[in-house]
file work_17.txt (compact mmCIF, C-alpha atoms and all ligand atoms)
# COMPACT_ATOMS: atom_id res chain seq x y z
CA MET D 1 -11.13 14.61 -23.09
CA LYS D 2 -10.94 14.72 -19.29
CA ARG D 3 -12.84 17.48 -17.57
CA VAL D 4 -10.96 19.41 -14.88
CA GLY D 5 -12.34 21.55 -12.09
CA VAL D 6 -9.97 24.01 -10.43
CA LEU D 7 -10.38 25.27 -6.85
CA ALA D 8 -8.50 28.44 -5.94
CA SER D 9 -8.50 31.04 -3.19
CA GLY D 10 -5.91 33.48 -4.44
CA GLY D 11 -4.48 35.20 -7.46
CA GLY D 12 -4.77 32.21 -9.74
CA SER D 13 -1.35 32.27 -11.37
CA ASN D 14 -1.25 28.46 -11.34
CA LEU D 15 -4.71 28.38 -12.90
CA GLN D 16 -3.41 30.72 -15.60
CA ALA D 17 -0.39 28.47 -16.19
CA ILE D 18 -2.71 25.45 -16.55
CA LEU D 19 -4.93 27.28 -19.04
CA GLU D 20 -1.95 28.46 -21.09
CA TYR D 21 -0.36 25.02 -21.18
CA LEU D 22 -3.56 23.31 -22.30
CA ALA D 23 -4.07 25.99 -24.93
CA GLU D 24 -0.50 25.45 -26.17
CA LEU D 25 -1.16 21.73 -26.51
CA GLY D 26 -4.09 22.54 -28.78
CA PRO D 27 -5.62 19.44 -30.32
CA GLN D 28 -3.20 17.24 -28.34
CA ALA D 29 -4.69 18.35 -25.06
CA GLN D 30 -6.39 15.49 -23.30
CA ALA D 31 -7.83 17.65 -20.54
CA GLU D 32 -9.78 20.88 -20.37
CA VAL D 33 -10.71 23.15 -17.47
CA VAL D 34 -14.50 23.29 -17.34
CA VAL D 35 -15.13 25.13 -14.08
CA VAL D 36 -13.19 27.24 -11.56
CA ALA D 37 -14.56 27.71 -8.07
CA SER D 38 -13.37 29.86 -5.19
CA ASP D 39 -14.26 30.49 -1.56
CA ARG D 40 -13.29 34.12 -2.20
CA PRO D 41 -15.70 35.89 -4.55
CA GLN D 42 -13.08 38.55 -5.37
CA SER D 43 -10.24 36.15 -6.08
CA GLY D 44 -8.04 36.77 -9.07
CA ALA D 45 -8.60 33.16 -10.08
CA LEU D 46 -12.29 33.86 -10.81
CA VAL D 47 -11.33 36.95 -12.83
CA LYS D 48 -8.87 34.88 -14.86
CA ALA D 49 -11.44 32.12 -15.41
CA ARG D 50 -14.03 34.59 -16.68
CA ALA D 51 -11.47 36.19 -18.97
CA ALA D 52 -10.83 32.77 -20.46
CA GLY D 53 -14.54 32.12 -20.94
CA ILE D 54 -14.63 29.43 -18.25
CA GLU D 55 -17.45 29.09 -15.73
CA ALA D 56 -16.36 30.92 -12.55
CA VAL D 57 -18.22 30.01 -9.39
CA ALA D 58 -18.07 31.82 -6.06
CA LEU D 59 -18.83 29.12 -3.51
CA LYS D 60 -21.76 29.99 -1.25
CA ASP D 61 -20.16 28.59 1.83
CA ARG D 62 -16.72 29.78 2.76
CA ILE D 63 -16.47 26.60 4.80
CA PRO D 64 -16.31 23.81 2.22
CA ASP D 65 -19.64 22.09 1.94
CA GLU D 66 -19.88 18.53 0.70
CA GLU D 67 -23.26 18.96 -0.95
CA GLU D 68 -22.29 22.13 -2.74
CA PHE D 69 -19.13 20.48 -4.10
CA ASN D 70 -20.99 17.34 -5.16
CA ALA D 71 -23.62 19.36 -7.00
CA LEU D 72 -20.99 21.48 -8.72
CA PHE D 73 -18.85 18.56 -9.81
CA ASP D 74 -21.94 16.64 -10.98
CA GLU D 75 -23.21 19.61 -12.96
CA TRP D 76 -19.87 20.07 -14.71
CA ARG D 77 -19.13 16.34 -14.96
CA VAL D 78 -15.70 16.88 -13.47
CA ASP D 79 -13.18 14.02 -13.80
CA TYR D 80 -10.16 15.63 -12.10
CA ILE D 81 -9.76 18.40 -9.55
CA ALA D 82 -6.72 20.66 -9.37
CA LEU D 83 -6.27 22.67 -6.20
CA ALA D 84 -4.44 25.84 -7.15
CA GLY D 85 -3.85 27.90 -4.05
CA TYR D 86 -7.06 26.67 -2.43
CA LEU D 87 -6.61 27.17 1.30
CA ARG D 88 -9.35 25.09 2.87
CA LEU D 89 -9.51 21.45 3.79
CA ILE D 90 -11.63 19.48 1.31
CA PRO D 91 -14.47 17.44 2.89
CA GLU D 92 -13.47 13.81 3.27
CA ALA D 93 -16.33 12.49 1.13
CA ILE D 94 -15.14 14.67 -1.76
CA VAL D 95 -11.55 13.51 -1.33
CA ASP D 96 -12.80 9.91 -1.42
CA ARG D 97 -14.94 10.55 -4.48
CA PHE D 98 -11.91 11.92 -6.35
CA LYS D 99 -9.35 9.49 -4.97
CA ASP D 100 -6.24 9.60 -7.20
CA ARG D 101 -7.95 12.31 -9.27
CA MET D 102 -7.42 15.35 -7.03
CA LEU D 103 -4.07 17.16 -7.06
CA ASN D 104 -2.50 19.99 -5.13
CA VAL D 105 0.64 22.05 -5.60
CA HIS D 106 2.58 23.09 -2.52
CA PRO D 107 5.51 25.52 -2.77
CA ALA D 108 8.02 23.50 -0.74
CA LEU D 109 9.59 20.05 -0.87
CA LEU D 110 7.10 18.05 1.20
CA PRO D 111 7.08 16.50 3.73
CA LYS D 112 9.04 19.56 4.85
CA HIS D 113 7.29 22.86 5.46
CA GLY D 114 3.71 21.74 4.89
CA GLY D 115 0.55 21.16 6.89
CA PRO D 116 -2.12 23.37 8.44
CA GLY D 117 -1.28 27.08 8.37
CA MET D 118 1.63 26.59 5.98
CA TYR D 119 0.71 28.72 3.01
CA GLY D 120 1.89 31.89 1.33
CA LEU D 121 5.07 33.52 2.55
CA ARG D 122 5.01 31.51 5.79
CA VAL D 123 6.20 28.49 3.84
CA HIS D 124 9.17 30.33 2.37
CA GLN D 125 10.02 32.00 5.68
CA ALA D 126 10.09 28.53 7.27
CA VAL D 127 12.48 27.41 4.53
CA LEU D 128 14.76 30.36 5.29
CA ASN D 129 14.52 29.84 9.05
CA ALA D 130 15.58 26.23 8.56
CA HIS D 131 18.58 27.39 6.46
CA GLU D 132 17.55 25.15 3.58
CA LYS D 133 19.77 25.40 0.52
CA VAL D 134 17.15 23.84 -1.72
CA THR D 135 13.38 24.18 -1.84
CA GLY D 136 10.85 23.79 -4.67
CA PRO D 137 7.31 22.78 -5.56
CA THR D 138 5.65 19.48 -4.76
CA VAL D 139 2.65 18.24 -6.73
CA HIS D 140 0.81 15.56 -4.79
CA LEU D 141 -2.47 13.69 -4.61
CA VAL D 142 -4.93 15.03 -2.06
CA THR D 143 -5.81 12.91 0.96
CA HIS D 144 -7.67 13.66 4.17
CA GLU D 145 -4.89 15.74 5.72
CA TYR D 146 -3.22 18.90 4.47
CA ASP D 147 -0.19 18.37 2.23
CA SER D 148 0.14 14.67 3.05
CA GLY D 149 -0.91 12.69 -0.03
CA PRO D 150 1.41 10.65 -2.27
CA MET D 151 3.91 12.80 -4.11
CA LEU D 152 3.65 12.94 -7.91
CA ALA D 153 6.46 15.34 -8.68
CA GLN D 154 8.95 17.64 -7.02
CA TRP D 155 11.44 20.04 -8.50
CA PRO D 156 14.42 21.45 -6.62
CA VAL D 157 14.91 25.21 -6.65
CA GLY D 158 17.94 26.82 -5.02
CA VAL D 159 17.80 29.17 -2.05
CA LEU D 160 20.41 31.92 -2.25
CA PRO D 161 22.13 33.52 0.74
CA GLU D 162 20.62 36.94 0.02
CA ASP D 163 17.06 35.63 -0.38
CA ASP D 164 14.07 36.88 1.57
CA ALA D 165 10.73 35.04 1.55
CA PRO D 166 9.26 36.92 -1.47
CA ALA D 167 12.40 36.16 -3.50
CA VAL D 168 12.13 32.45 -2.73
CA ALA D 169 8.39 32.50 -3.49
CA ALA D 170 8.97 34.11 -6.88
CA ARG D 171 11.65 31.58 -7.85
CA VAL D 172 9.55 28.61 -6.74
CA LEU D 173 6.53 29.97 -8.61
CA VAL D 174 8.44 29.79 -11.93
CA ALA D 175 8.91 26.07 -11.30
CA GLU D 176 5.30 25.61 -10.14
CA HIS D 177 4.00 27.15 -13.34
CA ALA D 178 6.09 24.80 -15.48
CA LEU D 179 5.54 21.67 -13.39
CA TYR D 180 1.92 21.72 -12.24
CA PRO D 181 0.16 21.92 -15.62
CA ARG D 182 2.35 19.15 -17.03
CA VAL D 183 1.76 16.83 -14.08
CA LEU D 184 -1.98 17.50 -14.22
CA HIS D 185 -2.14 16.83 -17.94
CA ALA D 186 0.03 13.71 -17.78
CA LEU D 187 -2.12 12.27 -15.00
CA ALA D 188 -5.36 13.03 -16.84
CA ALA D 189 -3.86 11.54 -20.01
CA GLY D 190 -3.31 8.24 -18.19
CA GLU D 191 0.46 8.60 -17.89
CA ALA D 192 0.61 7.84 -14.18
CA ASP D 193 3.67 5.68 -14.85
CA ARG D 194 5.73 8.89 -15.12
CA PHE D 195 5.34 9.40 -11.39
CA PRO D 196 6.77 9.99 -8.91
CA LEU D 197 9.05 12.37 -10.78
CA ARG D 198 11.99 13.95 -9.04
CA PRO D 199 15.33 14.88 -10.56
CA ASP D 200 18.12 12.81 -9.11
CA ASP D 201 20.22 14.31 -6.37
CA GLY D 202 22.91 15.35 -8.83
CA TYR D 203 20.56 17.89 -10.37
CA TYR D 204 21.32 20.55 -7.86
CA ALA D 205 25.06 19.92 -7.66
CA ASN D 206 26.04 23.30 -9.12
CA PRO D 207 23.84 26.08 -7.79
CA PRO D 208 22.61 28.56 -8.67
CA ILE D 209 20.55 27.13 -11.51
CA THR D 210 18.54 30.01 -12.97
CA PRO D 211 14.73 29.99 -13.03
CA ASP D 212 14.89 29.88 -16.84
CA GLN D 213 17.07 26.80 -16.73
CA ILE D 214 14.76 25.16 -14.18
CA ARG D 215 11.83 25.88 -16.46
CA ARG D 216 13.63 24.40 -19.48
CA ASP D 217 14.62 21.33 -17.48
CA ILE D 218 11.03 20.73 -16.40
CA LEU D 219 9.82 21.09 -19.98
CA GLY D 220 12.54 18.65 -21.02
CA ALA D 221 11.40 16.12 -18.42
CA PHE D 222 7.98 16.07 -20.05
CA GLY D 223 9.33 15.71 -23.57
CA ALA D 224 9.80 18.13 -26.41
CA ASP D 225 6.12 18.02 -27.34
CA SER D 226 4.97 19.41 -24.02
CA GLY D 227 5.16 23.03 -25.03
C1 LIG T 301 1.15 28.78 -4.87
O1 LIG T 301 2.38 29.12 -4.32
C2 LIG T 301 0.82 27.34 -4.56
O2 LIG T 301 1.95 26.55 -4.42
C3 LIG T 301 0.12 27.42 -3.27
O3 LIG T 301 -0.59 28.63 -3.29
C4 LIG T 301 0.00 29.53 -4.22
C5 LIG T 301 -1.09 29.89 -5.19
O4 LIG T 301 -0.75 30.90 -6.05
N1 LIG T 301 -0.67 26.23 -3.03
P1 LIG T 301 -1.71 31.24 -7.27
O5 LIG T 301 -3.08 31.61 -6.70
O6 LIG T 301 -1.78 30.06 -8.17
O7 LIG T 301 -1.07 32.43 -7.92
call {"tool": "encode", "arguments": {"input": "work_17.txt", "output": "structure tokens", "more": "lines below"}}
Ligand code: GRF
result
Amino acid sequence: MKRVGVLASGGGSNLQAILEYLAELGPQAQAEVVVVASDRPQSGALVKARAAGIEAVALKDRIPDEEEFNALFDEWRVDYIALAGYLRLIPEAIVDRFKDRMLNVHPALLPKHGGPGMYGLRVHQAVLNAHEKVTGPTVHLVTHEYDSGPMLAQWPVGVLPEDDAPAVAARVLVAEHALYPRVLHALAAGEADRFPLRPDDGYYANPPITPDQIRRDILGAFGADSG
């Protein structure tokens, strides 16, 4: 069983999706979340972790501190790290320690609309400003720069003419919640050969595909047993 640490700054809906997916897998789960840490003591992610009986740690330093991370990940014997709405740059030594074992989810199709300062509704506003017809989550490995590591999976989500940024965010989040836990679990289960995963260009030929359909398609891509 691989041990996962989650870092989050915000509401923690991706954390919740990860916990629910691993719970659904039951005895077939090959990963478990052992610790959740946040730079924001009041973050919803810590509340959700506590509710699930998982160790919830408010980081002492708001600026990420290499020693604090090392001590935490040693204490909890963490094998993989999932960034779930964690807004700060991870110290380089920690990125190196978890090379190919640290993932992030970004709510746009990288390399577009990523990088420093691109988080929250700003990402989706940038998508609208660029008149994109398609956006969607990217799950990628973490490297020394924001949003730049090798892509593991992307999923296209349509942008509709009447959309504002919150509407795009909500639709992308449905796909994030389906995609991120499955990518994390597959990676931890040693199924790296699945990646990179991206539906072929024909997928989005007939918009609008509904969020429910997107969700079902993602589940299908990971096989019927993936919950
Ligand atoms: C998500 O949109 C994710 O893509 C981004 O930050 C947001 C986190 O949301 N990295 P939540 O805290 O998981 O609800």
call {"tool": "closest_residue", "arguments": {"input": "work_17.txt", "among": "D:Pro211, D:Pro27, D:Pro91, D:Gly120", "to": "ligand LIG 301 (chain T)", "atoms": "all atoms listed in the file"}}
result
D:Gly120
call {"tool": "closest_residue", "arguments": {"input": "work_17.txt", "among": "D:Trp155, D:Tyr119, D:Tyr21, D:Tyr203", "to": "ligand LIG 301 (chain T)", "atoms": "all atoms listed in the file"}}
result
D:Tyr119
call {"tool": "closest_atom_pairs", "arguments": {"input": "work_17.txt", "of": "chain D", "to": "ligand LIG 301 (chain T)", "cutoff": "7 Å", "atoms": "all atoms listed in the file", "output": "JSON lines"}}
result
{"residue": "D:Ala8", "atom": "CA", "partner": "T:LIG301", "partner_atom": "O5", "distance": 6.3}
{"residue": "D:Ser9", "atom": "CA", "partner": "T:LIG301", "partner_atom": "O5", "distance": 6.5}
{"residue": "D:Gly10", "atom": "CA", "partner": "T:LIG301", "partner_atom": "O5", "distance": 4.1}
{"residue": "D:Gly11", "atom": "CA", "partner": "T:LIG301", "partner_atom": "O5", "distance": 3.9}
{"residue": "D:Gly12", "atom": "CA", "partner": "T:LIG301", "partner_atom": "O5", "distance": 3.5}
{"residue": "D:Ser13", "atom": "CA", "partner": "T:LIG301", "partner_atom": "O7", "distance": 3.5}
{"residue": "D:Asn14", "atom": "CA", "partner": "T:LIG301", "partner_atom": "O6", "distance": 3.6}
{"residue": "D:Leu15", "atom": "CA", "partner": "T:LIG301", "partner_atom": "O6", "distance": 5.8}
{"residue": "D:Ala45", "atom": "CA", "partner": "T:LIG301", "partner_atom": "O5", "distance": 6.7}
{"residue": "D:Ala84", "atom": "CA", "partner": "T:LIG301", "partner_atom": "O6", "distance": 5.1}
{"residue": "D:Gly85", "atom": "CA", "partner": "T:LIG301", "partner_atom": "O3", "distance": 3.4}
{"residue": "D:Tyr86", "atom": "CA", "partner": "T:LIG301", "partner_atom": "N1", "distance": 6.4}
{"residue": "D:Asn104", "atom": "CA", "partner": "T:LIG301", "partner_atom": "N1", "distance": 6.8}
{"residue": "D:Val105", "atom": "CA", "partner": "T:LIG301", "partner_atom": "O2", "distance": 4.8}
{"residue": "D:His106", "atom": "CA", "partner": "T:LIG301", "partner_atom": "O2", "distance": 4.0}
{"residue": "D:Pro107", "atom": "CA", "partner": "T:LIG301", "partner_atom": "O2", "distance": 4.1}
{"residue": "D:Tyr119", "atom": "CA", "partner": "T:LIG301", "partner_atom": "O3", "distance": 6.4}
{"residue": "D:Gly120", "atom": "CA", "partner": "T:LIG301", "partner_atom": "O3", "distance": 6.2}
{"residue": "D:Pro137", "atom": "CA", "partner": "T:LIG301", "partner_atom": "O2", "distance": 6.7}
{"residue": "D:Ala169", "atom": "CA", "partner": "T:LIG301", "partner_atom": "O1", "distance": 6.9}
{"residue": "D:Leu173", "atom": "CA", "partner": "T:LIG301", "partner_atom": "O1", "distance": 6.0}
{"residue": "D:Glu176", "atom": "CA", "partner": "T:LIG301", "partner_atom": "O2", "distance": 6.7}
call {"tool": "closest_atom_pairs", "arguments": {"input": "work_17.txt", "of": "segment 26-140 of chain D", "to": "segment 190-200 of chain D", "cutoff": "10 Å", "atoms": "all atoms listed in the file", "output": "tab-separated table"}}
result
residue	atom	partner	partner_atom	distance
D:Gln30	CA	D:Gly190	CA	9.4
D:Asp100	CA	D:Ala192	CA	9.9
D:Thr138	CA	D:Arg198	CA	9.4
D:Val139	CA	D:Pro196	CA	9.5
D:His140	CA	D:Pro196	CA	9.1
call {"tool": "residues_around", "arguments": {"input": "work_17.txt", "residues": "Met118 of chain D", "least_positions_apart": "5", "cutoff": "12 Å", "atoms": "all atoms listed in the file", "output": "number ranges by chain"}}
result
D: 85, 87-88, 106-108, 110-113, 123-127, 146-147
call {"tool": "residues_around", "arguments": {"input": "work_17.txt", "residues": "segment 212-215 of chain D", "least_positions_apart": "5", "cutoff": "9 Å", "atoms": "all atoms listed in the file", "output": "MDAnalysis selection string"}}
result
chainID D and resid 155:157 174:175 177:179 220
call {"tool": "atom_distance", "arguments": {"input": "work_17.txt", "atom1": "atom CA of Tyr80 of chain D", "atom2": "atom CA of Lys2 of chain D"}}
result
7.3 Å
call {"tool": "decode", "arguments": {"input": "work_17.txt", "residues": "segment 66-80 of chain D", "atoms": "all heavy atoms", "output": "mmCIF file, in the first residue's frame"}}
result
data_model
loop_
_atom_site.group_PDB
_atom_site.id
_atom_site.type_symbol
_atom_site.label_atom_id
_atom_site.label_comp_id
_atom_site.auth_asym_id
_atom_site.auth_seq_id
_atom_site.Cartn_x
_atom_site.Cartn_y
_atom_site.Cartn_z
ATOM 1 N N GLU D 66 11.741 23.594 3.687
ATOM 2 C CA GLU D 66 12.266 22.278 3.324
ATOM 3 C C GLU D 66 12.328 21.339 4.537
ATOM 4 O O GLU D 66 11.909 20.186 4.470
ATOM 5 C CB GLU D 66 13.657 22.511 2.736
ATOM 6 C CG GLU D 66 14.316 21.300 2.193
ATOM 7 C CD GLU D 66 15.720 21.652 1.689
ATOM 8 O OE1 GLU D 66 15.914 22.754 1.124
ATOM 9 O OE2 GLU D 66 16.614 20.826 1.894
ATOM 10 N N GLU D 67 12.844 21.867 5.637
ATOM 11 C CA GLU D 67 13.003 20.995 6.814
ATOM 12 C C GLU D 67 11.670 20.536 7.368
ATOM 13 O O GLU D 67 11.507 19.389 7.785
ATOM 14 C CB GLU D 67 13.758 21.739 7.920
ATOM 15 C CG GLU D 67 15.241 21.718 7.698
ATOM 16 C CD GLU D 67 15.983 22.480 8.781
ATOM 17 O OE1 GLU D 67 15.477 22.537 9.927
ATOM 18 O OE2 GLU D 67 17.047 23.028 8.471
ATOM 19 N N GLU D 68 10.715 21.465 7.376
ATOM 20 C CA GLU D 68 9.398 21.079 7.898
ATOM 21 C C GLU D 68 8.763 19.994 7.016
ATOM 22 O O GLU D 68 8.212 19.013 7.519
ATOM 23 C CB GLU D 68 8.486 22.311 7.980
ATOM 24 C CG GLU D 68 7.195 22.003 8.715
ATOM 25 C CD GLU D 68 6.268 23.204 8.871
ATOM 26 O OE1 GLU D 68 6.498 24.251 8.244
ATOM 27 O OE2 GLU D 68 5.287 23.061 9.632
ATOM 28 N N PHE D 69 8.879 20.160 5.698
ATOM 29 C CA PHE D 69 8.332 19.144 4.788
ATOM 30 C C PHE D 69 9.052 17.813 4.985
ATOM 31 O O PHE D 69 8.417 16.757 5.067
ATOM 32 C CB PHE D 69 8.472 19.588 3.333
ATOM 33 C CG PHE D 69 7.358 20.477 2.851
ATOM 34 C CD1 PHE D 69 7.627 21.579 2.066
ATOM 35 C CD2 PHE D 69 6.031 20.193 3.154
ATOM 36 C CE1 PHE D 69 6.597 22.391 1.599
ATOM 37 C CE2 PHE D 69 4.999 21.000 2.694
ATOM 38 C CZ PHE D 69 5.288 22.107 1.911
ATOM 39 N N ASN D 70 10.378 17.855 5.039
ATOM 40 C CA ASN D 70 11.123 16.600 5.178
ATOM 41 C C ASN D 70 10.723 15.859 6.447
ATOM 42 O O ASN D 70 10.515 14.644 6.437
ATOM 43 C CB ASN D 70 12.630 16.875 5.163
ATOM 44 C CG ASN D 70 13.198 16.828 3.745
ATOM 45 O OD1 ASN D 70 12.736 16.034 2.917
ATOM 46 N ND2 ASN D 70 14.165 17.671 3.469
ATOM 47 N N ALA D 71 10.596 16.617 7.539
ATOM 48 C CA ALA D 71 10.230 15.979 8.814
ATOM 49 C C ALA D 71 8.834 15.366 8.726
ATOM 50 O O ALA D 71 8.601 14.232 9.175
ATOM 51 C CB ALA D 71 10.289 17.016 9.943
ATOM 52 N N LEU D 72 7.926 16.122 8.111
ATOM 53 C CA LEU D 72 6.545 15.631 7.989
ATOM 54 C C LEU D 72 6.472 14.367 7.139
ATOM 55 O O LEU D 72 5.839 13.364 7.515
ATOM 56 C CB LEU D 72 5.695 16.744 7.360
ATOM 57 C CG LEU D 72 4.202 16.481 7.230
ATOM 58 C CD1 LEU D 72 3.538 16.503 8.605
ATOM 59 C CD2 LEU D 72 3.545 17.530 6.322
ATOM 60 N N PHE D 73 7.158 14.401 5.998
ATOM 61 C CA PHE D 73 7.061 13.257 5.088
ATOM 62 C C PHE D 73 7.838 12.056 5.623
ATOM 63 O O PHE D 73 7.488 10.912 5.319
ATOM 64 C CB PHE D 73 7.529 13.659 3.687
ATOM 65 C CG PHE D 73 6.692 14.769 3.086
ATOM 66 C CD1 PHE D 73 7.265 15.756 2.296
ATOM 67 C CD2 PHE D 73 5.329 14.830 3.330
ATOM 68 C CE1 PHE D 73 6.491 16.773 1.757
ATOM 69 C CE2 PHE D 73 4.538 15.851 2.800
ATOM 70 C CZ PHE D 73 5.125 16.827 2.014
ATOM 71 N N ASP D 74 8.868 12.323 6.434
ATOM 72 C CA ASP D 74 9.557 11.206 7.112
ATOM 73 C C ASP D 74 8.628 10.588 8.150
ATOM 74 O O ASP D 74 8.463 9.364 8.213
ATOM 75 C CB ASP D 74 10.812 11.707 7.836
ATOM 76 C CG ASP D 74 11.962 11.988 6.875
ATOM 77 O OD1 ASP D 74 11.880 11.534 5.718
ATOM 78 O OD2 ASP D 74 12.911 12.676 7.289
ATOM 79 N N GLU D 75 8.048 11.472 8.962
ATOM 80 C CA GLU D 75 7.200 10.977 10.063
ATOM 81 C C GLU D 75 6.074 10.088 9.518
ATOM 82 O O GLU D 75 5.766 9.041 10.092
ATOM 83 C CB GLU D 75 6.606 12.163 10.827
ATOM 84 C CG GLU D 75 5.714 11.727 11.978
ATOM 85 C CD GLU D 75 5.036 12.903 12.690
ATOM 86 O OE1 GLU D 75 5.334 14.082 12.353
ATOM 87 O OE2 GLU D 75 4.201 12.626 13.567
ATOM 88 N N TRP D 76 5.477 10.524 8.404
ATOM 89 C CA TRP D 76 4.330 9.781 7.878
ATOM 90 C C TRP D 76 4.718 8.800 6.783
ATOM 91 O O TRP D 76 3.867 8.207 6.144
ATOM 92 C CB TRP D 76 3.240 10.761 7.416
ATOM 93 C CG TRP D 76 2.644 11.418 8.622
ATOM 94 C CD1 TRP D 76 3.025 12.602 9.186
ATOM 95 C CD2 TRP D 76 1.644 10.867 9.475
ATOM 96 N NE1 TRP D 76 2.301 12.826 10.335
ATOM 97 C CE2 TRP D 76 1.447 11.782 10.532
ATOM 98 C CE3 TRP D 76 0.887 9.693 9.461
ATOM 99 C CZ2 TRP D 76 0.532 11.551 11.563
ATOM 100 C CZ3 TRP D 76 -0.027 9.461 10.475
ATOM 101 C CH2 TRP D 76 -0.193 10.390 11.498
ATOM 102 N N ARG D 77 6.011 8.654 6.572
ATOM 103 C CA ARG D 77 6.541 7.697 5.576
ATOM 104 C C ARG D 77 5.793 7.804 4.243
ATOM 105 O O ARG D 77 5.248 6.837 3.708
ATOM 106 C CB ARG D 77 6.486 6.268 6.123
ATOM 107 C CG ARG D 77 7.230 6.114 7.453
ATOM 108 C CD ARG D 77 7.489 4.664 7.829
ATOM 109 N NE ARG D 77 6.362 3.773 7.644
ATOM 110 C CZ ARG D 77 5.307 3.670 8.468
ATOM 111 N NH1 ARG D 77 5.243 4.419 9.559
ATOM 112 N NH2 ARG D 77 4.329 2.822 8.207
ATOM 113 N N VAL D 78 5.770 9.025 3.750
ATOM 114 C CA VAL D 78 5.005 9.329 2.536
ATOM 115 C C VAL D 78 5.754 8.852 1.291
ATOM 116 O O VAL D 78 6.953 9.109 1.143
ATOM 117 C CB VAL D 78 4.753 10.858 2.478
ATOM 118 C CG1 VAL D 78 4.265 11.283 1.118
ATOM 119 C CG2 VAL D 78 3.746 11.257 3.559
ATOM 120 N N ASP D 79 5.036 8.131 0.418
ATOM 121 C CA ASP D 79 5.613 7.661 -0.844
ATOM 122 C C ASP D 79 5.295 8.605 -2.004
ATOM 123 O O ASP D 79 6.102 8.790 -2.904
ATOM 124 C CB ASP D 79 5.041 6.279 -1.216
ATOM 125 C CG ASP D 79 5.316 5.235 -0.159
ATOM 126 O OD1 ASP D 79 6.488 5.059 0.193
ATOM 127 O OD2 ASP D 79 4.350 4.598 0.315
ATOM 128 N N TYR D 80 4.068 9.135 -2.001
ATOM 129 C CA TYR D 80 3.600 10.007 -3.090
ATOM 130 C C TYR D 80 3.001 11.271 -2.490
ATOM 131 O O TYR D 80 2.414 11.228 -1.390
ATOM 132 C CB TYR D 80 2.508 9.305 -3.922
ATOM 133 C CG TYR D 80 3.064 8.267 -4.852
ATOM 134 C CD1 TYR D 80 3.359 6.985 -4.388
ATOM 135 C CD2 TYR D 80 3.320 8.561 -6.184
ATOM 136 C CE1 TYR D 80 3.903 6.024 -5.225
ATOM 137 C CE2 TYR D 80 3.859 7.602 -7.035
ATOM 138 C CZ TYR D 80 4.149 6.344 -6.546
ATOM 139 O OH TYR D 80 4.686 5.406 -7.384
#
